[in-house]
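Data block for input-v6.txt (compact mmCIF, C-alpha atoms):
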# COMPACT_ATOMS: atom_id res chain seq x y z
CA MET A 1 42.76 35.25 7.41
CA MET A 2 39.76 36.10 5.21
CA SER A 3 37.64 39.09 6.20
CA ILE A 4 34.13 38.48 7.52
CA GLU A 5 32.65 39.78 4.29
CA ALA A 6 34.84 37.50 2.19
CA GLN A 7 33.81 34.48 4.28
CA VAL A 8 30.15 35.42 3.91
CA ARG A 9 30.57 35.84 0.14
CA GLN A 10 32.27 32.44 -0.02
CA TYR A 11 29.35 30.89 1.86
CA VAL A 12 26.82 32.50 -0.47
CA THR A 13 28.66 31.15 -3.52
CA ASP A 14 29.16 27.66 -2.10
CA ARG A 15 25.87 27.08 -0.29
CA LEU A 16 23.25 29.40 -1.75
CA LEU A 17 24.44 29.36 -5.37
CA PHE A 18 25.68 25.73 -5.21
CA GLY A 19 29.10 26.80 -6.46
CA ARG A 20 27.91 28.78 -9.48
CA SER A 21 30.35 31.63 -10.01
CA ASP A 22 28.51 33.17 -13.00
CA VAL A 23 25.80 34.67 -10.76
CA VAL A 24 26.58 37.99 -9.11
CA VAL A 25 25.02 38.68 -5.72
CA ASP A 26 25.71 42.22 -4.61
CA GLY A 27 25.92 43.30 -1.01
CA GLU A 28 22.34 44.48 -0.68
CA THR A 29 20.61 41.69 -2.66
CA SER A 30 17.82 40.22 -0.53
CA PHE A 31 18.24 36.45 -0.22
CA LEU A 32 14.51 36.08 0.40
CA GLU A 33 13.33 38.21 -2.51
CA SER A 34 15.79 36.67 -4.95
CA GLY A 35 14.73 33.16 -3.91
CA LEU A 36 18.25 32.25 -2.73
CA ILE A 37 17.17 31.08 0.69
CA ASP A 38 14.31 29.02 2.08
CA SER A 39 13.47 27.92 5.61
CA THR A 40 16.04 25.11 5.51
CA GLY A 41 18.60 27.55 4.11
CA VAL A 42 18.10 29.83 7.12
CA LEU A 43 18.83 26.93 9.48
CA GLU A 44 21.97 26.07 7.48
CA LEU A 45 23.02 29.69 7.65
CA VAL A 46 22.63 29.67 11.43
CA ALA A 47 24.89 26.61 11.68
CA PHE A 48 27.48 28.38 9.49
CA LEU A 49 27.43 31.48 11.69
CA GLU A 50 27.64 29.57 14.94
CA GLU A 51 30.39 27.21 13.78
CA THR A 52 32.52 29.64 11.81
CA PHE A 53 32.30 32.73 13.98
CA LYS A 54 31.61 31.04 17.34
CA ILE A 55 28.63 33.29 17.99
CA LYS A 56 25.26 32.30 19.45
CA VAL A 57 22.32 33.09 17.19
CA GLU A 58 19.19 33.59 19.27
CA ASP A 59 15.62 33.19 17.98
CA GLU A 60 15.11 36.94 18.06
CA ASP A 61 18.16 37.39 15.80
CA LEU A 62 16.44 35.48 12.99
CA ILE A 63 15.08 38.48 11.12
CA PRO A 64 15.82 39.75 7.62
CA ALA A 65 17.50 42.89 9.01
CA ASN A 66 20.28 40.61 10.33
CA LEU A 67 20.49 37.80 7.82
CA ASP A 68 18.93 38.70 4.47
CA SER A 69 21.93 40.04 2.52
CA ILE A 70 25.72 39.89 2.46
CA ASN A 71 25.97 43.37 3.99
CA ALA A 72 23.38 42.60 6.67
CA LEU A 73 25.15 39.39 7.60
CA THR A 74 28.54 41.08 7.74
CA ARG A 75 27.20 43.80 10.05
CA PHE A 76 25.42 41.21 12.20
CA ILE A 77 28.53 39.05 12.61
CA GLN A 78 30.67 42.09 13.42
CA ALA A 79 28.21 43.30 16.06
CA LYS A 80 27.85 39.85 17.60
CA SER A 81 31.62 39.25 17.62
CA GLU A 82 32.26 42.65 19.23
CA ALA A 83 29.63 41.97 21.88
CA LEU A 84 31.20 38.59 22.55
CA ALA A 85 34.73 40.09 22.82
CA HIS A 86 33.39 42.81 25.10
CA SER A 87 31.74 40.26 27.40
CA ARG A 88 35.06 38.45 27.79
CA THR A 89 37.06 41.53 28.80
CA MET B 1 -15.89 60.40 -8.40
CA GLY B 2 -18.02 57.32 -8.06
CA GLU B 3 -17.75 55.26 -4.91
CA LYS B 4 -15.94 52.00 -5.43
CA THR B 5 -18.31 49.06 -5.21
CA ASN B 6 -17.61 45.35 -5.42
CA ARG B 7 -15.08 45.48 -2.56
CA PHE B 8 -13.14 42.32 -2.13
CA SER B 9 -14.66 39.84 0.32
CA ALA B 10 -15.07 36.14 1.01
CA ASP B 11 -18.06 36.24 -1.36
CA HIS B 12 -15.57 36.04 -4.23
CA LEU B 13 -15.06 32.39 -3.27
CA ARG B 14 -18.74 31.50 -3.14
CA LEU B 15 -19.58 28.57 -5.40
CA ASP B 16 -22.69 27.29 -7.09
CA ALA B 17 -22.00 24.01 -5.28
CA GLY B 18 -24.54 21.95 -7.20
CA ALA B 19 -23.20 23.02 -10.60
CA GLU B 20 -19.59 22.54 -9.52
CA ALA B 21 -20.31 19.04 -8.17
CA ALA B 22 -21.94 18.13 -11.49
CA ARG B 23 -18.98 19.54 -13.46
CA ILE B 24 -16.46 17.59 -11.37
CA ALA B 25 -18.55 14.40 -11.60
CA THR B 26 -18.47 14.69 -15.39
CA PHE B 27 -14.70 15.17 -15.24
CA ILE B 28 -14.24 12.09 -13.03
CA ARG B 29 -16.41 9.91 -15.31
CA ASP B 30 -14.56 10.99 -18.45
CA ALA B 31 -11.11 10.82 -16.88
CA VAL B 32 -11.49 7.44 -15.18
CA LEU B 33 -13.64 5.46 -17.60
CA THR B 34 -12.49 6.95 -20.92
CA THR B 35 -9.06 8.59 -20.62
CA LEU B 36 -7.53 6.28 -17.99
CA ARG B 37 -9.72 3.27 -18.85
CA ARG B 38 -10.04 2.17 -15.24
CA LYS B 39 -13.11 0.59 -13.64
CA GLY B 40 -13.41 2.81 -10.60
CA VAL B 41 -11.60 4.95 -8.05
CA VAL B 42 -9.58 4.31 -4.88
CA VAL B 43 -9.57 7.06 -2.25
CA GLY B 44 -7.51 7.07 0.93
CA LEU B 45 -9.89 8.26 3.66
CA SER B 46 -8.44 10.32 6.51
CA GLY B 47 -11.69 11.47 8.06
CA GLY B 48 -10.83 14.97 6.84
CA ILE B 49 -12.78 17.31 4.63
CA ASP B 50 -10.74 16.85 1.43
CA SER B 51 -10.74 13.06 1.17
CA SER B 52 -14.40 12.96 2.25
CA THR B 53 -15.35 15.39 -0.50
CA VAL B 54 -13.38 13.50 -3.14
CA ALA B 55 -15.01 10.21 -2.12
CA ALA B 56 -18.47 11.79 -2.24
CA LEU B 57 -17.73 13.26 -5.68
CA ALA B 58 -16.48 9.89 -6.92
CA VAL B 59 -19.71 8.25 -5.74
CA ARG B 60 -21.72 10.99 -7.47
CA ALA B 61 -19.75 10.36 -10.67
CA LEU B 62 -19.43 6.58 -10.75
CA GLY B 63 -21.82 5.12 -8.20
CA ALA B 64 -20.91 3.63 -4.80
CA ASP B 65 -20.00 0.22 -6.24
CA ARG B 66 -17.12 1.74 -8.23
CA VAL B 67 -15.48 3.51 -5.28
CA ILE B 68 -13.12 1.95 -2.73
CA GLY B 69 -12.25 3.73 0.50
CA LEU B 70 -8.99 2.89 2.25
CA PHE B 71 -8.29 3.47 5.93
CA MET B 72 -4.56 3.53 6.66
CA PRO B 73 -3.97 4.28 10.32
CA GLU B 74 -0.55 4.09 11.97
CA SER B 75 0.77 4.41 15.51
CA ASP B 76 0.56 8.24 15.59
CA SER B 77 -2.88 8.57 13.94
CA SER B 78 -5.71 10.11 15.87
CA ASP B 79 -8.58 7.71 16.65
CA ASP B 80 -10.92 10.26 15.10
CA SER B 81 -9.39 9.75 11.66
CA LEU B 82 -10.57 6.14 11.43
CA ARG B 83 -13.89 6.75 13.16
CA LEU B 84 -14.85 9.69 10.92
CA GLY B 85 -13.60 7.91 7.82
CA GLN B 86 -15.85 4.97 8.66
CA LEU B 87 -18.76 7.30 9.32
CA LEU B 88 -18.38 8.74 5.82
CA ALA B 89 -17.94 5.36 4.14
CA GLU B 90 -21.10 4.06 5.77
CA LYS B 91 -23.03 7.08 4.63
CA LEU B 92 -21.75 6.73 1.07
CA GLY B 93 -22.23 2.94 1.05
CA ILE B 94 -18.78 2.24 -0.41
CA ARG B 95 -16.55 -0.81 0.00
CA THR B 96 -13.65 -0.23 2.38
CA PHE B 97 -10.39 -1.86 3.42
CA THR B 98 -8.30 -1.14 6.48
CA GLU B 99 -4.52 -1.37 6.33
CA ASP B 100 -2.61 -0.50 9.48
CA ILE B 101 0.67 0.77 8.01
CA SER B 102 2.58 0.84 11.34
CA GLY B 103 4.32 -2.45 10.52
CA ILE B 104 5.58 -1.18 7.15
CA LEU B 105 6.72 2.04 8.79
CA ARG B 106 8.57 0.11 11.48
CA GLY B 107 10.18 -2.01 8.72
CA ALA B 108 11.36 1.16 7.00
CA GLU B 109 12.52 2.43 10.41
CA CYS B 110 10.40 5.55 10.04
CA TYR B 111 9.89 5.97 13.78
CA ARG B 112 13.49 5.19 14.71
CA ARG B 113 14.85 7.63 12.13
CA ARG B 114 12.43 10.30 13.30
CA ASP B 115 13.33 9.80 16.96
CA GLU B 116 17.04 9.87 16.15
CA ALA B 117 16.63 13.17 14.30
CA ILE B 118 14.80 14.67 17.28
CA ARG B 119 17.42 13.39 19.72
CA THR B 120 20.09 15.45 17.96
CA VAL B 121 18.39 18.56 19.40
CA VAL B 122 16.55 17.01 22.40
CA PRO B 123 18.95 14.32 23.72
CA GLU B 124 16.54 12.99 26.36
CA TYR B 125 13.80 12.26 23.76
CA HIS B 126 12.68 8.63 23.70
CA SER B 127 9.75 6.56 22.50
CA GLY B 128 7.58 7.60 25.47
CA TYR B 129 7.67 11.21 24.25
CA LYS B 130 5.33 12.80 21.74
CA SER B 131 6.35 15.40 19.18
CA LYS B 132 5.33 17.67 16.36
CA LEU B 133 6.97 20.05 13.91
CA VAL B 134 5.92 23.72 13.92
CA LEU B 135 6.93 26.82 11.98
CA SER B 136 7.54 30.24 13.49
CA SER B 137 4.67 32.63 12.88
CA LEU B 138 4.83 35.12 10.05
CA ASP B 139 4.31 37.90 12.57
CA SER B 140 7.61 37.17 14.31
CA SER B 141 9.82 37.18 11.18
CA GLU B 142 9.65 36.68 7.45
CA PHE B 143 12.07 33.82 7.93
CA ARG B 144 10.02 30.72 8.66
CA ILE B 145 11.97 28.82 11.28
CA SER B 146 11.23 25.17 12.06
CA TYR B 147 10.93 23.99 15.65
CA VAL B 148 10.15 20.64 17.18
CA VAL B 149 7.70 20.60 20.09
CA VAL B 150 8.28 17.63 22.39
CA GLN B 151 6.11 16.43 25.22
CA SER B 152 7.60 14.26 27.95
CA PRO B 153 5.68 11.29 29.39
CA ALA B 154 4.91 13.58 32.35
CA GLY B 155 3.18 15.98 29.97
CA GLU B 156 5.81 18.73 29.99
CA GLN B 157 6.19 20.51 26.63
CA ARG B 158 9.32 22.15 25.19
CA LYS B 159 9.84 23.93 21.88
CA VAL B 160 13.33 23.62 20.43
CA ARG B 161 14.75 25.16 17.25
CA LEU B 162 15.84 22.52 14.77
CA THR B 163 19.16 22.38 13.00
CA ALA B 164 19.01 22.02 9.21
CA GLU B 165 20.21 18.41 9.48
CA ALA B 166 17.63 17.51 12.12
CA PHE B 167 14.83 19.22 10.16
CA LEU B 168 15.66 17.43 6.93
CA ALA B 169 16.07 14.05 8.66
CA LEU B 170 12.79 14.48 10.53
CA VAL B 171 10.84 15.40 7.40
CA ALA B 172 12.48 12.65 5.35
CA ALA B 173 11.50 10.08 8.01
CA THR B 174 7.89 11.20 8.41
CA ASN B 175 7.45 11.36 4.61
CA PHE B 176 7.50 7.55 4.74
CA LYS B 177 3.93 7.83 6.00
CA GLN B 178 2.50 9.59 2.95
CA ARG B 179 4.55 7.45 0.57
CA THR B 180 3.49 4.21 2.25
CA ARG B 181 -0.15 5.22 2.04
CA LYS B 182 0.21 5.97 -1.65
CA MET B 183 1.89 2.63 -2.24
CA MET B 184 -1.08 0.94 -0.57
CA GLU B 185 -3.58 2.94 -2.66
CA TYR B 186 -1.83 1.76 -5.83
CA TYR B 187 -1.88 -1.82 -4.56
CA TYR B 188 -5.69 -1.65 -4.49
CA ALA B 189 -5.78 0.28 -7.76
CA ASP B 190 -3.77 -2.46 -9.46
CA ARG B 191 -5.75 -5.24 -7.82
CA PHE B 192 -9.12 -3.90 -8.97
CA GLN B 193 -8.00 -1.99 -12.08
CA TYR B 194 -9.06 1.28 -10.49
CA ALA B 195 -7.56 4.78 -10.65
CA VAL B 196 -6.17 6.58 -7.60
CA ALA B 197 -7.87 9.84 -6.69
CA GLY B 198 -5.64 12.43 -5.05
CA THR B 199 -7.20 14.79 -2.54
CA PRO B 200 -5.21 18.06 -2.57
CA ASN B 201 -7.18 21.28 -2.51
CA ARG B 202 -5.88 24.42 -4.18
CA LEU B 203 -3.96 25.68 -1.13
CA GLU B 204 -2.11 22.39 -0.87
CA TYR B 205 -1.51 21.97 -4.61
CA ASP B 206 -0.44 25.54 -5.35
CA LEU B 207 1.65 26.02 -2.20
CA GLY B 208 3.32 22.62 -2.14
CA PHE B 209 1.75 21.18 1.00
CA PHE B 210 2.25 17.57 -0.03
CA VAL B 211 4.92 14.91 -0.28
CA LYS B 212 6.37 14.24 -3.70
CA ASN B 213 5.50 10.67 -4.72
CA GLY B 214 3.43 10.52 -1.55
CA ASP B 215 0.11 12.30 -1.22
CA GLY B 216 1.21 14.39 -4.23
CA SER B 217 0.85 11.36 -6.49
CA ALA B 218 -2.45 10.35 -8.11
CA ASP B 219 -4.20 9.63 -11.41
CA ILE B 220 -6.82 12.35 -10.93
CA LYS B 221 -6.98 15.37 -8.59
CA PRO B 222 -10.62 16.44 -8.69
CA ILE B 223 -10.51 19.29 -6.16
CA ALA B 224 -7.04 20.74 -6.84
CA HIS B 225 -8.64 23.82 -8.44
CA LEU B 226 -10.80 24.61 -5.38
CA TYR B 227 -9.91 26.84 -2.46
CA LYS B 228 -10.38 25.14 0.89
CA SER B 229 -13.45 27.19 1.74
CA GLN B 230 -14.95 26.09 -1.59
CA VAL B 231 -14.26 22.46 -0.67
CA TYR B 232 -16.30 23.03 2.50
CA GLN B 233 -19.17 24.46 0.44
CA LEU B 234 -19.06 21.46 -1.87
CA ALA B 235 -18.83 19.00 1.03
CA ALA B 236 -21.89 20.50 2.68
CA SER B 237 -23.88 20.24 -0.56
CA LEU B 238 -22.79 16.61 -1.00
CA GLY B 239 -24.03 15.64 2.46
CA VAL B 240 -20.66 15.04 4.09
CA PRO B 241 -21.40 14.44 7.83
CA LYS B 242 -21.42 17.54 10.00
CA GLU B 243 -18.80 16.13 12.35
CA ILE B 244 -16.34 16.03 9.44
CA LEU B 245 -17.30 19.55 8.36
CA ASP B 246 -16.68 20.78 11.91
CA ARG B 247 -13.32 19.03 12.42
CA PRO B 248 -10.36 21.46 12.35
CA PRO B 249 -7.91 20.65 9.52
CA THR B 250 -5.03 18.54 10.86
CA THR B 251 -1.95 16.94 9.37
CA ASP B 252 -2.41 13.74 11.44
CA THR B 253 1.26 12.97 10.85
CA TYR B 254 2.86 13.68 14.22
CA SER B 255 2.12 12.16 17.63
CA LEU B 256 1.08 15.53 19.12
CA PRO B 257 -2.02 17.16 17.60
CA GLN B 258 -0.84 19.55 14.89
CA SER B 259 -2.87 22.05 12.93
CA GLN B 260 -2.08 22.72 9.27
CA GLU B 261 -1.79 26.37 10.27
CA GLU B 262 1.13 25.89 12.65
CA PHE B 263 2.82 23.37 10.38
CA TYR B 264 2.64 25.14 7.05
CA PHE B 265 0.13 27.81 6.19
CA SER B 266 0.53 30.31 9.09
CA LEU B 267 -3.05 31.54 8.72
CA PRO B 268 -6.43 29.85 9.19
CA TYR B 269 -7.52 28.32 5.89
CA ASP B 270 -10.28 30.85 5.17
CA GLN B 271 -7.82 33.73 5.47
CA MET B 272 -5.15 31.88 3.51
CA ASP B 273 -7.74 31.26 0.77
CA LEU B 274 -8.38 34.98 0.42
CA CYS B 275 -4.67 35.81 0.38
CA LEU B 276 -3.96 33.18 -2.27
CA TYR B 277 -6.92 34.40 -4.34
CA GLY B 278 -5.71 37.97 -3.98
CA LYS B 279 -2.15 37.09 -4.93
CA THR B 280 -3.30 35.00 -7.90
CA HIS B 281 -5.63 37.73 -9.18
CA ARG B 282 -3.15 40.55 -8.50
CA ILE B 283 -5.46 42.22 -6.01
CA PRO B 284 -3.58 44.88 -4.01
CA ALA B 285 -2.64 43.73 -0.51
CA SER B 286 -4.52 46.73 0.92
CA GLU B 287 -7.85 45.36 -0.34
CA ILE B 288 -7.22 41.89 1.06
CA ALA B 289 -6.08 43.45 4.34
CA GLU B 290 -9.34 45.38 4.58
CA ALA B 291 -11.39 42.23 3.96
CA LEU B 292 -9.43 40.32 6.61
CA GLY B 293 -9.19 43.11 9.17
CA LYS B 294 -5.39 42.98 8.97
CA ARG B 295 -2.69 45.52 8.16
CA GLU B 296 -1.44 45.91 4.61
CA ASP B 297 2.13 44.98 5.59
CA GLN B 298 0.87 41.72 7.14
CA VAL B 299 -0.77 40.74 3.85
CA GLU B 300 2.35 41.83 1.92
CA ARG B 301 4.26 39.41 4.13
CA VAL B 302 1.82 36.59 3.34
CA TYR B 303 2.17 37.43 -0.38
CA ARG B 304 5.96 37.01 -0.10
CA ASP B 305 5.47 33.77 1.83
CA ILE B 306 3.25 32.54 -1.02
CA ASP B 307 6.11 33.25 -3.46
CA ALA B 308 8.49 31.24 -1.26
CA LYS B 309 6.05 28.34 -0.98
CA ARG B 310 5.44 28.34 -4.73
CA ALA B 311 9.19 28.04 -5.27
CA VAL B 312 9.11 24.85 -3.18
CA ALA B 313 5.99 23.61 -4.99
CA HIS B 314 7.73 24.10 -8.34
CA TYR B 315 10.16 21.27 -7.54
CA LEU B 316 7.46 19.11 -5.98
CA LEU B 317 5.19 19.37 -9.03
CA MET B 318 7.93 18.91 -11.60
CA GLU B 319 7.88 15.81 -13.79
CA PRO B 320 11.19 13.93 -14.18
CA LEU B 321 13.45 15.91 -16.54
CA LEU B 322 14.66 14.24 -19.73
CA VAL B 323 17.66 15.00 -21.91
CA GLU B 324 15.35 15.21 -24.92
CA PRO B 325 11.66 14.57 -25.61
CA ILE B 326 10.86 10.91 -26.29
CA LYS B 327 9.16 10.67 -29.65
CA LYS B 328 6.31 8.25 -30.10
CA THR B 329 6.77 5.57 -32.73
CA ALA B 330 4.35 5.59 -35.63
CA ALA B 331 2.56 2.60 -34.10
CA GLU B 332 2.02 4.42 -30.81
CA THR B 333 0.63 7.64 -32.22

Representation of the structure as structure tokens:
Amino acid sequence: MMSIEAQVRQYVTDRLLFGRSDVVVDGETSFLESGLIDSTGVLELVAFLEETFKIKVEDEDLIPANLDSINALTRFIQAKSEALAHSRT
Amino acid sequence: MGEKTNRFSADHLRLDAGAEAARIATFIRDAVLTTLRRKGVVVGLSGGIDSSTVAALAVRALGADRVIGLFMPESDSSDDSLRLGQLLAEKLGIRTFTEDISGILRGAECYRRRDEAIRTVVPEYHSGYKSKLVLSSLDSSEFRISYVVVQSPAGEQRKVRLTAEAFLALVAATNFKQRTRKMMEYYYADRFQYAVAGTPNRLEYDLGFFVKNGDGSADIKPIAHLYKSQVYQLAASLGVPKEILDRPPTTDTYSLPQSQEEFYFSLPYDQMDLCLYGKTHRIPASEIAEALGKREDQVERVYRDIDAKRAVAHYLLMEPLLVEPIKKTAAET
């Protein structure tokens, strides 16, 4: 199974870069500042997170600190997944 | 050290309204009669400040008998739009036509497509409900999130976050309204050999608050260089009725009343004007913040939002792209 980071990177390549593999997005690159994401893109990202990782993204989660870079997303998914696992035990 | 004078303020947007009206009237005369070789101008009248100002400028430039005003209400339009549009047309003494576009919109299934999009996130939504689209405020997050606000027949309101699919389907459906209106404007333009005047102000033009091939389409755009507060100054000097000057800017696109602020701009127009001016003239956010009584980081956030909106506008304003330039033949040049 792919790691969370690898899945996020795959999403960025497929959905934010429209499949272009010649563009390098490093872990801390801001999606907002680099123009990779707009308001529709954020909604698509939410659908990706909820469907792929089975987590619930609340309105208050929709801040750049959680969603604006590959590293931020990876940390956010990990934290949400851990919280979800914890709530089930 | 000398004290800094000439602090930034709303005075930077003060116009010599008389001179500007004369300059624009000259532009309209030259553009319509000489460059475009059309006999007059068609303006879609919404009862709002922008279309009223453009119509008044066209009358100043060409005379009332060369200006046609079009009223194009539909099922979701506010009654005020038609009433205020008529008030202006009477004052200007221009010829008008009324085209209720609800039938065309029903034919294109605008309302059904819109309702279907909303039902994907609010399953109980039906034709007795009212709705509008709103954006999250810039204060809550730099990500602008789209929500639909629905109101049940009993008057109960709910705000629900949209999915990307629902948002795109909802916008695509409601864009029929602006595109149908433009189609109707060109019908009258063709019929009378007139030009179509577009009514975007600078905020709308620069930040992409228009529908491509809808209200973004026109032969001339006489106020696209003016900030919204400058349009108000011009309107007042042209004698636009006070009731129109006092009406809050609205999109008049959704069945619930919707301000332009909650739908797109996030700030009242006078504040957005100053931020756009500041961003355009590279004025530090701290100076704009002082003029607006806001914090510097709030203005920085608006500056970044302007960048994001300009990225959207770039596509909207782009002409069709060609593989290579099309050269004129000798006969054409």

| field | Residues within 8 Å of region 34-39 of chain A, all atoms listed in the file, excluding chain neighbours under 6 positions, as a VMD selection string | value | (chain A and resid 16 to 17) or (chain B and resid 143 to 146 308 311)

Considering only C-alpha atoms, give me a table of residues in chain B that are at most 10 Å from chain A, with the closest atom pair and distance in Å for each, as JSON lines.
{"residue": "B:Leu135", "atom": "CA", "partner": "A:Ser39", "partner_atom": "CA", "distance": 9.2}
{"residue": "B:Ser136", "atom": "CA", "partner": "A:Asp59", "partner_atom": "CA", "distance": 9.7}
{"residue": "B:Ser140", "atom": "CA", "partner": "A:Ile63", "partner_atom": "CA", "distance": 8.2}
{"residue": "B:Ser141", "atom": "CA", "partner": "A:Ile63", "partner_atom": "CA", "distance": 5.4}
{"residue": "B:Glu142", "atom": "CA", "partner": "A:Ile63", "partner_atom": "CA", "distance": 6.8}
{"residue": "B:Phe143", "atom": "CA", "partner": "A:Ile63", "partner_atom": "CA", "distance": 6.4}
{"residue": "B:Arg144", "atom": "CA", "partner": "A:Ser39", "partner_atom": "CA", "distance": 5.4}
{"residue": "B:Ile145", "atom": "CA", "partner": "A:Ser39", "partner_atom": "CA", "distance": 5.9}
{"residue": "B:Ser146", "atom": "CA", "partner": "A:Ser39", "partner_atom": "CA", "distance": 7.4}
{"residue": "B:Arg161", "atom": "CA", "partner": "A:Asp59", "partner_atom": "CA", "distance": 8.1}
{"residue": "B:Leu162", "atom": "CA", "partner": "A:Leu43", "partner_atom": "CA", "distance": 7.5}
{"residue": "B:Thr163", "atom": "CA", "partner": "A:Leu43", "partner_atom": "CA", "distance": 5.8}
{"residue": "B:Ala164", "atom": "CA", "partner": "A:Leu43", "partner_atom": "CA", "distance": 4.9}
{"residue": "B:Glu165", "atom": "CA", "partner": "A:Glu44", "partner_atom": "CA", "distance": 8.1}
{"residue": "B:Ala166", "atom": "CA", "partner": "A:Leu43", "partner_atom": "CA", "distance": 9.9}
{"residue": "B:Phe167", "atom": "CA", "partner": "A:Thr40", "partner_atom": "CA", "distance": 7.6}
{"residue": "B:Leu168", "atom": "CA", "partner": "A:Thr40", "partner_atom": "CA", "distance": 7.8}
{"residue": "B:Arg304", "atom": "CA", "partner": "A:Glu33", "partner_atom": "CA", "distance": 7.8}
{"residue": "B:Asp305", "atom": "CA", "partner": "A:Leu32", "partner_atom": "CA", "distance": 9.4}
{"residue": "B:Asp307", "atom": "CA", "partner": "A:Gly35", "partner_atom": "CA", "distance": 8.6}
{"residue": "B:Ala308", "atom": "CA", "partner": "A:Gly35", "partner_atom": "CA", "distance": 7.0}
{"residue": "B:Lys309", "atom": "CA", "partner": "A:Asp38", "partner_atom": "CA", "distance": 8.8}
{"residue": "B:Ala311", "atom": "CA", "partner": "A:Gly35", "partner_atom": "CA", "distance": 7.7}
{"residue": "B:Val312", "atom": "CA", "partner": "A:Asp38", "partner_atom": "CA", "distance": 8.5}

| query | Could you work out how far CA of Ala10 (chain B) lies from CA of Leu88 (chain B), giving the answer in Å with one decimal? | reply |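 Value for the CA of Leu88 (chain B)-CA of Ala10 (chain B) distance: 28.0 Å.
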
| Could you list as a PyMOL selection string every residue that has an atom within 12 Å of (-13.3, 36.7, 2.6), using the file's coordinates and counting all atoms listed in the file? | chain B and resi 7-14+227+229-230+268-278+287-294

| task | Between A:Ala85, A:Ala72, A:Ile4, A:Ile77, single out the one closest to Glu50 (chain A), counting all atoms listed in the file. | result | A:Ile77

| Selection as a list in words: residues within 10 Å of (-14.8, 9.4, -1.4), counting only C-alpha atoms |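 Final list of nearby residues, as requested, is Val41, Val42, Val43, Gly44, Leu45, Asp50, Ser51, Ser52, Thr53, Val54, Ala55, Ala56, Leu57, Ala58, Val59, Arg60, Ala64, Val67, Ile68, Gly69, Leu70, Gly85, Leu88, Ala89, Leu92, Ile94, Ala197, Thr199 and Val240 of chain B.
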
Keeping only C-alpha atoms, write the selected residues as a compact mmCIF listing (two decimals), keeping the file's coordinate frame.
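Writing done, so here's selection.txt:
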# COMPACT_ATOMS: atom_id res chain seq x y z
CA VAL B 41 -11.60 4.95 -8.05
CA VAL B 42 -9.58 4.31 -4.88
CA VAL B 43 -9.57 7.06 -2.25
CA GLY B 44 -7.51 7.07 0.93
CA LEU B 45 -9.89 8.26 3.66
CA ASP B 50 -10.74 16.85 1.43
CA SER B 51 -10.74 13.06 1.17
CA SER B 52 -14.40 12.96 2.25
CA THR B 53 -15.35 15.39 -0.50
CA VAL B 54 -13.38 13.50 -3.14
CA ALA B 55 -15.01 10.21 -2.12
CA ALA B 56 -18.47 11.79 -2.24
CA LEU B 57 -17.73 13.26 -5.68
CA ALA B 58 -16.48 9.89 -6.92
CA VAL B 59 -19.71 8.25 -5.74
CA ARG B 60 -21.72 10.99 -7.47
CA ALA B 64 -20.91 3.63 -4.80
CA VAL B 67 -15.48 3.51 -5.28
CA ILE B 68 -13.12 1.95 -2.73
CA GLY B 69 -12.25 3.73 0.50
CA LEU B 70 -8.99 2.89 2.25
CA GLY B 85 -13.60 7.91 7.82
CA LEU B 88 -18.38 8.74 5.82
CA ALA B 89 -17.94 5.36 4.14
CA LEU B 92 -21.75 6.73 1.07
CA ILE B 94 -18.78 2.24 -0.41
CA ALA B 197 -7.87 9.84 -6.69
CA THR B 199 -7.20 14.79 -2.54
CA VAL B 240 -20.66 15.04 4.09

| query | Could you work out how far CA of Gln258 (chain B) lies from CA of Leu203 (chain B), giving the answer in Å with one decimal? | reply |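 That distance, rounded to one decimal, is 17.4 Å.
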
| message | If I take CA of Arg202 (chain B) and CA of Gly63 (chain B), how far is one from the other in Å, to one decimal? | response |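 Computed distance, CA of Arg202 (chain B) to CA of Gly63 (chain B), equals 25.4 Å.
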
| query | Any idea what's packed within 12 Å of Ala173 (chain B), counting all atoms listed in the file, ignoring anything in its chain fewer than 6 positions away? Could you give it as a list in words? | reply |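 In the requested format, the answer is Leu105, Arg106, Ala108, Glu109, Cys110, Tyr111, Arg112, Arg113, Arg114, Asp115, Glu116, Ala117, Ile118, Ala166, Phe167, Arg179, Thr180, Val211, Thr253 and Tyr254 of chain B.
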
| Could you name the residues that touch Thr13 (chain A) at 12 Å or less, counting all atoms listed in the file, but leaving out those on the same chain fewer than 4 positions away, as a ChimeraX atom specification? | /A:6-9,17-26,36,70

Near-Arg29 (chain B) list (8 Å; all atoms listed in the file; drop same-chain fewer than 5 positions) as a compact mmCIF listing (two decimals) with C-alpha atoms, in the frame of the given file:
# COMPACT_ATOMS: atom_id res chain seq x y z
CA THR B 34 -12.49 6.95 -20.92
CA ALA B 61 -19.75 10.36 -10.67
CA LEU B 62 -19.43 6.58 -10.75

| message | I'd like to know which of B:Leu33, B:Leu15, B:Ile49, B:Ala154 is closest to Asn201 (chain B), using only C-alpha atoms. | response | B:Ile49
